[in-house]
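Q: Here you go, protein38.cif (mmCIF, N, CA and C atoms):
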```cif
data_query
loop_
_atom_site.group_PDB
_atom_site.id
_atom_site.type_symbol
_atom_site.label_atom_id
_atom_site.label_comp_id
_atom_site.auth_asym_id
_atom_site.auth_seq_id
_atom_site.Cartn_x
_atom_site.Cartn_y
_atom_site.Cartn_z
ATOM 1 N N MET A 1 9.142 -5.527 -5.177
ATOM 2 C CA MET A 1 10.011 -5.660 -6.313
ATOM 3 C C MET A 1 11.363 -5.065 -5.939
ATOM 4 N N TRP A 2 12.410 -5.725 -6.368
ATOM 5 C CA TRP A 2 13.756 -5.263 -6.078
ATOM 6 C C TRP A 2 14.261 -4.379 -7.218
ATOM 7 N N MET A 3 14.969 -3.311 -6.848
ATOM 8 C CA MET A 3 15.556 -2.398 -7.827
ATOM 9 C C MET A 3 17.040 -2.246 -7.521
ATOM 10 N N TYR A 4 17.825 -2.145 -8.577
ATOM 11 C CA TYR A 4 19.270 -2.009 -8.412
ATOM 12 C C TYR A 4 19.696 -0.587 -8.759
ATOM 13 N N ASP A 5 20.512 0.000 -7.892
ATOM 14 C CA ASP A 5 21.072 1.331 -8.115
ATOM 15 C C ASP A 5 22.533 1.167 -8.545
ATOM 16 N N PRO A 6 22.835 1.306 -9.845
ATOM 17 C CA PRO A 6 24.206 1.066 -10.301
ATOM 18 C C PRO A 6 25.211 2.089 -9.782
ATOM 19 N N LYS A 7 24.757 3.289 -9.468
ATOM 20 C CA LYS A 7 25.672 4.320 -8.973
ATOM 21 C C LYS A 7 26.233 3.927 -7.609
ATOM 22 N N ASP A 8 25.338 3.523 -6.697
ATOM 23 C CA ASP A 8 25.760 3.141 -5.342
ATOM 24 C C ASP A 8 26.024 1.647 -5.203
ATOM 25 N N LYS A 9 25.738 0.874 -6.270
ATOM 26 C CA LYS A 9 25.888 -0.576 -6.251
ATOM 27 C C LYS A 9 25.133 -1.187 -5.070
ATOM 28 N N ALA A 10 23.859 -0.801 -4.956
ATOM 29 C CA ALA A 10 23.023 -1.256 -3.854
ATOM 30 C C ALA A 10 21.639 -1.620 -4.379
ATOM 31 N N PHE A 11 20.920 -2.401 -3.589
ATOM 32 C CA PHE A 11 19.566 -2.810 -3.933
ATOM 33 C C PHE A 11 18.565 -2.078 -3.050
ATOM 34 N N TRP A 12 17.390 -1.809 -3.617
ATOM 35 C CA TRP A 12 16.272 -1.198 -2.898
ATOM 36 C C TRP A 12 15.062 -2.106 -3.047
ATOM 37 N N LEU A 13 14.313 -2.282 -1.961
ATOM 38 C CA LEU A 13 13.081 -3.066 -2.003
ATOM 39 C C LEU A 13 11.916 -2.094 -2.163
ATOM 40 N N GLY A 14 11.208 -2.205 -3.287
ATOM 41 C CA GLY A 14 10.085 -1.312 -3.563
ATOM 42 C C GLY A 14 8.759 -2.027 -3.366
ATOM 43 N N ARG A 15 7.794 -1.305 -2.808
ATOM 44 C CA ARG A 15 6.446 -1.840 -2.611
ATOM 45 C C ARG A 15 5.432 -0.841 -3.164
ATOM 46 N N LEU A 16 4.423 -1.372 -3.867
ATOM 47 C CA LEU A 16 3.356 -0.526 -4.395
ATOM 48 C C LEU A 16 2.126 -0.674 -3.514
ATOM 49 N N ALA A 17 1.557 0.462 -3.111
ATOM 50 C CA ALA A 17 0.361 0.474 -2.276
ATOM 51 C C ALA A 17 -0.704 1.322 -2.958
ATOM 52 N N GLY A 18 -1.937 1.185 -2.516
ATOM 53 C CA GLY A 18 -3.034 1.958 -3.085
ATOM 54 C C GLY A 18 -2.868 3.453 -2.846
ATOM 55 N N HIS A 19 -3.339 4.238 -3.782
ATOM 56 C CA HIS A 19 -3.270 5.701 -3.693
ATOM 57 C C HIS A 19 -4.689 6.251 -3.602
ATOM 58 N N GLN A 20 -4.926 7.101 -2.589
ATOM 59 C CA GLN A 20 -6.261 7.664 -2.417
ATOM 60 C C GLN A 20 -6.374 9.014 -3.110
ATOM 61 N N ILE A 21 -7.533 9.219 -3.724
ATOM 62 C CA ILE A 21 -7.853 10.474 -4.412
ATOM 63 C C ILE A 21 -9.077 11.074 -3.740
ATOM 64 N N TYR A 22 -9.056 12.402 -3.554
ATOM 65 C CA TYR A 22 -10.208 13.086 -2.970
ATOM 66 C C TYR A 22 -11.184 13.454 -4.078
ATOM 67 N N VAL A 23 -12.448 13.071 -3.923
ATOM 68 C CA VAL A 23 -13.500 13.407 -4.878
ATOM 69 C C VAL A 23 -14.149 14.695 -4.383
ATOM 70 N N GLU A 24 -13.996 15.767 -5.151
ATOM 71 C CA GLU A 24 -14.527 17.072 -4.752
ATOM 72 C C GLU A 24 -16.047 17.017 -4.577
ATOM 73 N N GLU A 25 -16.524 17.772 -3.605
ATOM 74 C CA GLU A 25 -17.968 17.849 -3.369
ATOM 75 C C GLU A 25 -18.603 18.773 -4.397
ATOM 76 N N SER A 26 -19.765 18.376 -4.868
ATOM 77 C CA SER A 26 -20.486 19.225 -5.820
ATOM 78 C C SER A 26 -21.972 19.215 -5.461
ATOM 79 N N THR A 27 -22.639 20.303 -5.800
ATOM 80 C CA THR A 27 -24.082 20.417 -5.565
ATOM 81 C C THR A 27 -24.754 20.874 -6.848
ATOM 82 N N TRP A 28 -26.003 20.473 -7.016
ATOM 83 C CA TRP A 28 -26.789 20.902 -8.173
ATOM 84 C C TRP A 28 -28.267 20.790 -7.825
ATOM 85 N N TYR A 29 -29.069 21.449 -8.614
ATOM 86 C CA TYR A 29 -30.514 21.444 -8.409
ATOM 87 C C TYR A 29 -31.186 20.654 -9.526
ATOM 88 N N SER A 30 -32.129 19.815 -9.146
ATOM 89 C CA SER A 30 -32.880 19.053 -10.139
ATOM 90 C C SER A 30 -33.990 19.927 -10.712
ATOM 91 N N GLU A 31 -34.702 19.423 -11.696
ATOM 92 C CA GLU A 31 -35.780 20.194 -12.318
ATOM 93 C C GLU A 31 -36.880 20.522 -11.332
ATOM 94 N N GLY A 32 -37.062 19.682 -10.340
ATOM 95 C CA GLY A 32 -38.098 19.937 -9.329
ATOM 96 C C GLY A 32 -37.662 20.914 -8.259
ATOM 97 N N GLY A 33 -36.423 21.399 -8.307
ATOM 98 C CA GLY A 33 -35.934 22.369 -7.337
ATOM 99 C C GLY A 33 -35.244 21.732 -6.148
ATOM 100 N N ASP A 34 -35.090 20.410 -6.143
ATOM 101 C CA ASP A 34 -34.413 19.739 -5.035
ATOM 102 C C ASP A 34 -32.903 19.912 -5.182
ATOM 103 N N GLU A 35 -32.239 20.172 -4.048
ATOM 104 C CA GLU A 35 -30.785 20.306 -4.057
ATOM 105 C C GLU A 35 -30.156 18.928 -3.877
ATOM 106 N N ASN A 36 -29.200 18.568 -4.743
ATOM 107 C CA ASN A 36 -28.515 17.268 -4.701
ATOM 108 C C ASN A 36 -27.039 17.477 -4.393
ATOM 109 N N TYR A 37 -26.458 16.501 -3.700
ATOM 110 C CA TYR A 37 -25.048 16.541 -3.323
ATOM 111 C C TYR A 37 -24.339 15.299 -3.835
ATOM 112 N N SER A 38 -23.044 15.465 -4.100
ATOM 113 C CA SER A 38 -22.219 14.328 -4.504
ATOM 114 C C SER A 38 -20.786 14.622 -4.112
ATOM 115 N N GLY A 39 -19.980 13.573 -3.918
ATOM 116 C CA GLY A 39 -18.564 13.736 -3.625
ATOM 117 C C GLY A 39 -18.299 14.016 -2.159
ATOM 118 N N GLY A 40 -17.128 14.615 -1.893
ATOM 119 C CA GLY A 40 -16.734 14.923 -0.528
ATOM 120 C C GLY A 40 -16.158 13.717 0.211
ATOM 121 N N PHE A 41 -15.490 12.811 -0.500
ATOM 122 C CA PHE A 41 -14.924 11.617 0.133
ATOM 123 C C PHE A 41 -13.647 11.206 -0.599
ATOM 124 N N HIS A 42 -12.902 10.286 0.009
ATOM 125 C CA HIS A 42 -11.695 9.721 -0.606
ATOM 126 C C HIS A 42 -12.025 8.362 -1.205
ATOM 127 N N ARG A 43 -11.356 8.028 -2.301
ATOM 128 C CA ARG A 43 -11.490 6.708 -2.909
ATOM 129 C C ARG A 43 -10.119 6.279 -3.416
ATOM 130 N N TYR A 44 -9.949 4.954 -3.575
ATOM 131 C CA TYR A 44 -8.686 4.437 -4.099
ATOM 132 C C TYR A 44 -8.669 4.566 -5.624
ATOM 133 N N SER A 45 -7.554 5.039 -6.149
ATOM 134 C CA SER A 45 -7.385 5.215 -7.586
ATOM 135 C C SER A 45 -7.219 3.863 -8.267
ATOM 136 N N LYS A 46 -7.817 3.724 -9.445
ATOM 137 C CA LYS A 46 -7.632 2.521 -10.252
ATOM 138 C C LYS A 46 -6.364 2.631 -11.089
ATOM 139 N N ARG A 47 -5.825 3.827 -11.242
ATOM 140 C CA ARG A 47 -4.683 4.065 -12.120
ATOM 141 C C ARG A 47 -3.370 4.235 -11.360
ATOM 142 N N TYR A 48 -3.373 4.981 -10.257
ATOM 143 C CA TYR A 48 -2.140 5.349 -9.583
ATOM 144 C C TYR A 48 -1.861 4.478 -8.364
ATOM 145 N N LYS A 49 -0.586 4.252 -8.091
ATOM 146 C CA LYS A 49 -0.104 3.530 -6.915
ATOM 147 C C LYS A 49 0.985 4.369 -6.263
ATOM 148 N N GLU A 50 1.224 4.135 -4.969
ATOM 149 C CA GLU A 50 2.285 4.828 -4.249
ATOM 150 C C GLU A 50 3.458 3.877 -4.060
ATOM 151 N N LEU A 51 4.653 4.328 -4.434
ATOM 152 C CA LEU A 51 5.863 3.533 -4.309
ATOM 153 C C LEU A 51 6.596 3.931 -3.038
ATOM 154 N N THR A 52 6.906 2.944 -2.194
ATOM 155 C CA THR A 52 7.754 3.171 -1.031
ATOM 156 C C THR A 52 8.988 2.289 -1.178
ATOM 157 N N LEU A 53 10.134 2.825 -0.775
ATOM 158 C CA LEU A 53 11.399 2.117 -0.924
ATOM 159 C C LEU A 53 12.012 1.838 0.444
ATOM 160 N N GLU A 54 12.582 0.638 0.605
ATOM 161 C CA GLU A 54 13.350 0.265 1.788
ATOM 162 C C GLU A 54 14.773 0.021 1.340
ATOM 163 N N GLY A 55 15.714 0.486 2.114
ATOM 164 C CA GLY A 55 17.094 0.215 1.752
ATOM 165 C C GLY A 55 17.954 1.418 1.973
ATOM 166 N N PRO A 56 19.116 1.447 1.430
ATOM 167 C CA PRO A 56 19.694 0.502 0.473
ATOM 168 C C PRO A 56 20.254 -0.742 1.169
ATOM 169 N N TYR A 57 20.339 -1.833 0.418
ATOM 170 C CA TYR A 57 20.913 -3.091 0.882
ATOM 171 C C TYR A 57 22.124 -3.415 0.032
ATOM 172 N N GLU A 58 23.208 -3.774 0.680
ATOM 173 C CA GLU A 58 24.397 -4.242 -0.034
ATOM 174 C C GLU A 58 24.120 -5.644 -0.562
ATOM 175 N N ALA A 59 24.700 -6.000 -1.678
ATOM 176 C CA ALA A 59 24.481 -7.315 -2.279
ATOM 177 C C ALA A 59 24.896 -8.433 -1.326
ATOM 178 N N GLU A 60 25.943 -8.211 -0.537
ATOM 179 C CA GLU A 60 26.423 -9.234 0.386
ATOM 180 C C GLU A 60 25.453 -9.492 1.526
ATOM 181 N N SER A 61 24.546 -8.554 1.815
ATOM 182 C CA SER A 61 23.617 -8.714 2.946
ATOM 183 C C SER A 61 22.294 -9.355 2.529
ATOM 184 N N LEU A 62 22.162 -9.729 1.265
ATOM 185 C CA LEU A 62 20.920 -10.336 0.784
ATOM 186 C C LEU A 62 21.104 -11.845 0.601
ATOM 187 N N LEU A 63 20.102 -12.601 1.032
ATOM 188 C CA LEU A 63 20.097 -14.048 0.867
ATOM 189 C C LEU A 63 19.090 -14.430 -0.200
ATOM 190 N N VAL A 64 19.343 -15.520 -0.903
ATOM 191 C CA VAL A 64 18.400 -16.035 -1.892
ATOM 192 C C VAL A 64 17.605 -17.158 -1.230
ATOM 193 N N LYS A 65 16.290 -16.998 -1.196
ATOM 194 C CA LYS A 65 15.409 -18.009 -0.615
ATOM 195 C C LYS A 65 14.544 -18.576 -1.732
ATOM 196 N N VAL A 66 14.501 -19.901 -1.834
ATOM 197 C CA VAL A 66 13.736 -20.572 -2.884
ATOM 198 C C VAL A 66 12.473 -21.160 -2.272
ATOM 199 N N LYS A 67 11.316 -20.866 -2.914
ATOM 200 C CA LYS A 67 10.020 -21.358 -2.438
ATOM 201 C C LYS A 67 9.278 -22.033 -3.586
ATOM 202 N N PRO A 68 8.445 -23.032 -3.276
ATOM 203 C CA PRO A 68 7.630 -23.644 -4.338
ATOM 204 C C PRO A 68 6.480 -22.722 -4.732
ATOM 205 N N ARG A 69 6.032 -22.845 -5.990
ATOM 206 C CA ARG A 69 4.925 -22.030 -6.480
ATOM 207 C C ARG A 69 3.968 -22.927 -7.270
ATOM 208 N N ARG A 70 2.677 -22.727 -7.045
ATOM 209 C CA ARG A 70 1.668 -23.469 -7.804
ATOM 210 C C ARG A 70 1.443 -22.801 -9.151
ATOM 211 N N ALA A 71 0.945 -23.562 -10.108
ATOM 212 C CA ALA A 71 0.620 -23.005 -11.420
ATOM 213 C C ALA A 71 -0.599 -22.089 -11.299
ATOM 214 N N TYR A 72 -0.593 -20.987 -12.047
ATOM 215 C CA TYR A 72 -1.760 -20.109 -12.067
ATOM 216 C C TYR A 72 -1.811 -19.328 -13.374
ATOM 217 N N THR A 73 -2.996 -18.784 -13.646
ATOM 218 C CA THR A 73 -3.243 -18.000 -14.858
ATOM 219 C C THR A 73 -3.815 -16.652 -14.448
ATOM 220 N N LYS A 74 -3.309 -15.582 -15.085
ATOM 221 C CA LYS A 74 -3.820 -14.239 -14.807
ATOM 222 C C LYS A 74 -3.674 -13.398 -16.061
ATOM 223 N N ASN A 75 -4.746 -12.730 -16.448
ATOM 224 C CA ASN A 75 -4.762 -11.828 -17.607
ATOM 225 C C ASN A 75 -4.248 -12.504 -18.877
ATOM 226 N N GLY A 76 -4.598 -13.761 -19.056
ATOM 227 C CA GLY A 76 -4.210 -14.468 -20.261
ATOM 228 C C GLY A 76 -2.807 -15.047 -20.245
ATOM 229 N N TYR A 77 -2.049 -14.837 -19.160
ATOM 230 C CA TYR A 77 -0.710 -15.405 -19.035
ATOM 231 C C TYR A 77 -0.773 -16.652 -18.156
ATOM 232 N N ASN A 78 -0.012 -17.666 -18.519
ATOM 233 C CA ASN A 78 0.041 -18.915 -17.759
ATOM 234 C C ASN A 78 1.431 -19.085 -17.162
ATOM 235 N N TRP A 79 1.490 -19.286 -15.835
ATOM 236 C CA TRP A 79 2.739 -19.573 -15.162
ATOM 237 C C TRP A 79 2.699 -21.016 -14.689
ATOM 238 N N PRO A 80 3.700 -21.811 -15.053
ATOM 239 C CA PRO A 80 3.711 -23.207 -14.623
ATOM 240 C C PRO A 80 4.135 -23.323 -13.157
ATOM 241 N N ALA A 81 3.831 -24.464 -12.555
ATOM 242 C CA ALA A 81 4.295 -24.736 -11.207
ATOM 243 C C ALA A 81 5.806 -24.869 -11.228
ATOM 244 N N GLY A 82 6.446 -24.533 -10.143
ATOM 245 C CA GLY A 82 7.900 -24.623 -10.090
ATOM 246 C C GLY A 82 8.409 -23.998 -8.815
ATOM 247 N N ARG A 83 9.635 -23.545 -8.849
ATOM 248 C CA ARG A 83 10.232 -22.885 -7.707
ATOM 249 C C ARG A 83 10.578 -21.438 -8.063
ATOM 250 N N VAL A 84 10.459 -20.554 -7.088
ATOM 251 C CA VAL A 84 10.711 -19.125 -7.288
ATOM 252 C C VAL A 84 11.779 -18.679 -6.294
ATOM 253 N N ALA A 85 12.724 -17.886 -6.769
ATOM 254 C CA ALA A 85 13.777 -17.344 -5.903
ATOM 255 C C ALA A 85 13.408 -15.931 -5.478
ATOM 256 N N HIS A 86 13.571 -15.638 -4.185
ATOM 257 C CA HIS A 86 13.314 -14.306 -3.620
ATOM 258 C C HIS A 86 14.571 -13.821 -2.913
ATOM 259 N N LEU A 87 14.827 -12.519 -2.987
ATOM 260 C CA LEU A 87 15.897 -11.928 -2.205
ATOM 261 C C LEU A 87 15.361 -11.564 -0.829
ATOM 262 N N VAL A 88 16.103 -11.913 0.211
ATOM 263 C CA VAL A 88 15.672 -11.652 1.591
ATOM 264 C C VAL A 88 16.822 -10.970 2.330
ATOM 265 N N PRO A 89 16.567 -9.806 2.957
ATOM 266 C CA PRO A 89 17.636 -9.168 3.755
ATOM 267 C C PRO A 89 17.998 -10.058 4.942
ATOM 268 N N SER A 90 19.295 -10.183 5.205
ATOM 269 C CA SER A 90 19.724 -11.021 6.340
ATOM 270 C C SER A 90 19.773 -10.230 7.625
#
```
Once you've parsed the file, please lay out its structure as structure tokens.

A:
Amino acid sequence: MWMYDPKDKAFWLGRLAGHQIYVEESTWYSEGGDENYSGGFHRYSKRYKELTLEGPYEAESLLVKVKPRRAYTKNGYNWPAGRVAHLVPS
């Protein structure tokens, strides 16, 4: 996703990636006296993402590239087929 910085009059390219969370290890004893373990590993968060930024890019250094797009539906929203414009660093 592209972001505009009005102070510097520049564009930044932002990307969202998965964020890992450490699940703390825990131990407990069952009624029979057996010791049980859980956790002690990393997993990807369903809620959080990590944002990384590339740039800044001057407006003059960005090109507009047009690509065709097929129709699709996601989460109850419908997007028709058509063309989509993307900013591409030159």

Q: Counting all atoms listed in the file, find the residues whose atoms lie at most 8 Å from (26.5, -6.1, -2.6) (file coordinates) and write them out as number ranges by chain.

A: A: 9-11, 57-62

Q: Any idea what's packed within 8 Å of range 31-44 of chain A, counting all atoms listed in the file, ignoring anything in its chain fewer than 2 positions away? Could you give it as a PDB file with N, CA and C atoms, keeping the file's coordinate frame?

A:
```
ATOM      1  N   GLY A  18      -1.937   1.185  -2.516  1.00  0.00           N
ATOM      2  CA  GLY A  18      -3.034   1.958  -3.085  1.00  0.00           C
ATOM      3  C   GLY A  18      -2.868   3.453  -2.846  1.00  0.00           C
ATOM      4  N   HIS A  19      -3.339   4.238  -3.782  1.00  0.00           N
ATOM      5  CA  HIS A  19      -3.270   5.701  -3.693  1.00  0.00           C
ATOM      6  C   HIS A  19      -4.689   6.251  -3.602  1.00  0.00           C
ATOM      7  N   GLN A  20      -4.926   7.101  -2.589  1.00  0.00           N
ATOM      8  CA  GLN A  20      -6.261   7.664  -2.417  1.00  0.00           C
ATOM      9  C   GLN A  20      -6.374   9.014  -3.110  1.00  0.00           C
ATOM     10  N   ILE A  21      -7.533   9.219  -3.724  1.00  0.00           N
ATOM     11  CA  ILE A  21      -7.853  10.474  -4.412  1.00  0.00           C
ATOM     12  C   ILE A  21      -9.077  11.074  -3.740  1.00  0.00           C
ATOM     13  N   TYR A  22      -9.056  12.402  -3.554  1.00  0.00           N
ATOM     14  CA  TYR A  22     -10.208  13.086  -2.970  1.00  0.00           C
ATOM     15  C   TYR A  22     -11.184  13.454  -4.078  1.00  0.00           C
ATOM     16  N   VAL A  23     -12.448  13.071  -3.923  1.00  0.00           N
ATOM     17  CA  VAL A  23     -13.500  13.407  -4.878  1.00  0.00           C
ATOM     18  C   VAL A  23     -14.149  14.695  -4.383  1.00  0.00           C
ATOM     19  N   GLU A  24     -13.996  15.767  -5.151  1.00  0.00           N
ATOM     20  CA  GLU A  24     -14.527  17.072  -4.752  1.00  0.00           C
ATOM     21  C   GLU A  24     -16.047  17.017  -4.577  1.00  0.00           C
ATOM     22  N   GLU A  25     -16.524  17.772  -3.605  1.00  0.00           N
ATOM     23  CA  GLU A  25     -17.968  17.849  -3.369  1.00  0.00           C
ATOM     24  C   GLU A  25     -18.603  18.773  -4.397  1.00  0.00           C
ATOM     25  N   SER A  26     -19.765  18.376  -4.868  1.00  0.00           N
ATOM     26  CA  SER A  26     -20.486  19.225  -5.820  1.00  0.00           C
ATOM     27  C   SER A  26     -21.972  19.215  -5.461  1.00  0.00           C
ATOM     28  N   THR A  27     -22.639  20.303  -5.800  1.00  0.00           N
ATOM     29  CA  THR A  27     -24.082  20.417  -5.565  1.00  0.00           C
ATOM     30  C   THR A  27     -24.754  20.874  -6.848  1.00  0.00           C
ATOM     31  N   TRP A  28     -26.003  20.473  -7.016  1.00  0.00           N
ATOM     32  CA  TRP A  28     -26.789  20.902  -8.173  1.00  0.00           C
ATOM     33  C   TRP A  28     -28.267  20.790  -7.825  1.00  0.00           C
ATOM     34  N   TYR A  29     -29.069  21.449  -8.614  1.00  0.00           N
ATOM     35  CA  TYR A  29     -30.514  21.444  -8.409  1.00  0.00           C
ATOM     36  C   TYR A  29     -31.186  20.654  -9.526  1.00  0.00           C
ATOM     37  N   LYS A  46      -7.817   3.724  -9.445  1.00  0.00           N
ATOM     38  CA  LYS A  46      -7.632   2.521 -10.252  1.00  0.00           C
ATOM     39  C   LYS A  46      -6.364   2.631 -11.089  1.00  0.00           C
ATOM     40  N   ARG A  47      -5.825   3.827 -11.242  1.00  0.00           N
ATOM     41  CA  ARG A  47      -4.683   4.065 -12.120  1.00  0.00           C
ATOM     42  C   ARG A  47      -3.370   4.235 -11.360  1.00  0.00           C
ATOM     43  N   TYR A  48      -3.373   4.981 -10.257  1.00  0.00           N
ATOM     44  CA  TYR A  48      -2.140   5.349  -9.583  1.00  0.00           C
ATOM     45  C   TYR A  48      -1.861   4.478  -8.364  1.00  0.00           C
TER      46      TYR A  48
END
```

Q: Which is closest to Arg15 in chain A among A:Ala71, A:Val64, A:Met1, A:Leu87, if we use all atoms listed in the file?

A: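 With all atoms listed in the file as the atom set, the closest residue is A:Met1.
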
Q: Considering only strand (DSSP E) as DSSP defines it on the backbone, what residues of range 39-70 of chain A qualify? List them as a count of residues only.

A: 25

Q: To one decimal place in Å, what is the distance between CA of Ala17 in chain A and CA of Thr52 in chain A?

A: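 Straight-line distance from CA of Ala17 in chain A to CA of Thr52 in chain A works out to 8.0 Å.
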
Q: Using only C-alpha atoms for the distances, tell me which of A:Trp12, A:Lys49, A:Pro68, A:Asp5 is nearest to Val88 in chain A.

A: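 Using only C-alpha atoms, Val88 in chain A sits closest to A:Trp12.
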
Q: Atom C of Met3 in chain A and atom C of Gly55 in chain A, how far apart in Å?

A: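 Pair atom C of Gly55 in chain A / atom C of Met3 in chain A returns 10.2 Å.
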
Q: In Å, rounded to a single decimal, give me how far atom C of Ser90 in chain A is from atom N of Pro56 in chain A.

A: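 These two atoms are separated by 13.2 Å.
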
Q: Mind giving me the axis-aligned box for range 19-27 of chain A with 6 Å on every side, centre plus edges in Å to one decimal, as AutoDock Vina command-line options?

A:
```
--center_x -14.0 --center_y 12.6 --center_z -4.6 --size_x 33.5 --size_y 28.6 --size_z 16.4
```

Q: Skip Leu13 in chain A itself and residues of its chain fewer than 3 positions away, then list as a tab-separated table (two decimals) with N, CA and C atoms, in the coordinates of the input all residues within 5 Å of it, counting all atoms listed in the file.

A:
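The result, stored in around.tsv:
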```
chain	number	residue	atom	x	y	z
A	1	MET	N	9.14	-5.53	-5.18
A	1	MET	CA	10.01	-5.66	-6.31
A	1	MET	C	11.36	-5.07	-5.94
A	2	TRP	N	12.41	-5.72	-6.37
A	2	TRP	CA	13.76	-5.26	-6.08
A	2	TRP	C	14.26	-4.38	-7.22
A	53	LEU	N	10.13	2.82	-0.78
A	53	LEU	CA	11.40	2.12	-0.92
A	53	LEU	C	12.01	1.84	0.44
A	54	GLU	N	12.58	0.64	0.60
A	54	GLU	CA	13.35	0.26	1.79
A	54	GLU	C	14.77	0.02	1.34
```

Q: So that I can check the surroundings of Lys67 in chain A, please list as number ranges by chain every protein, DNA and RNA residue that reaches within 7 Å of it, counting only C-alpha atoms and ignoring chain neighbours fewer than 3 positions away.

A: A: 83-85

Q: Can I get the selection written as a PDB file, in the frame of the given file, with N, CA and C atoms?

A:
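The resulting selection-v3.pdb:
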```pdb
ATOM      1  N   ARG A  83       9.635 -23.545  -8.849  1.00  0.00           N
ATOM      2  CA  ARG A  83      10.232 -22.885  -7.707  1.00  0.00           C
ATOM      3  C   ARG A  83      10.578 -21.438  -8.063  1.00  0.00           C
ATOM      4  N   VAL A  84      10.459 -20.554  -7.088  1.00  0.00           N
ATOM      5  CA  VAL A  84      10.711 -19.125  -7.288  1.00  0.00           C
ATOM      6  C   VAL A  84      11.779 -18.679  -6.294  1.00  0.00           C
ATOM      7  N   ALA A  85      12.724 -17.886  -6.769  1.00  0.00           N
ATOM      8  CA  ALA A  85      13.777 -17.344  -5.903  1.00  0.00           C
ATOM      9  C   ALA A  85      13.408 -15.931  -5.478  1.00  0.00           C
TER      10      ALA A  85
END
```
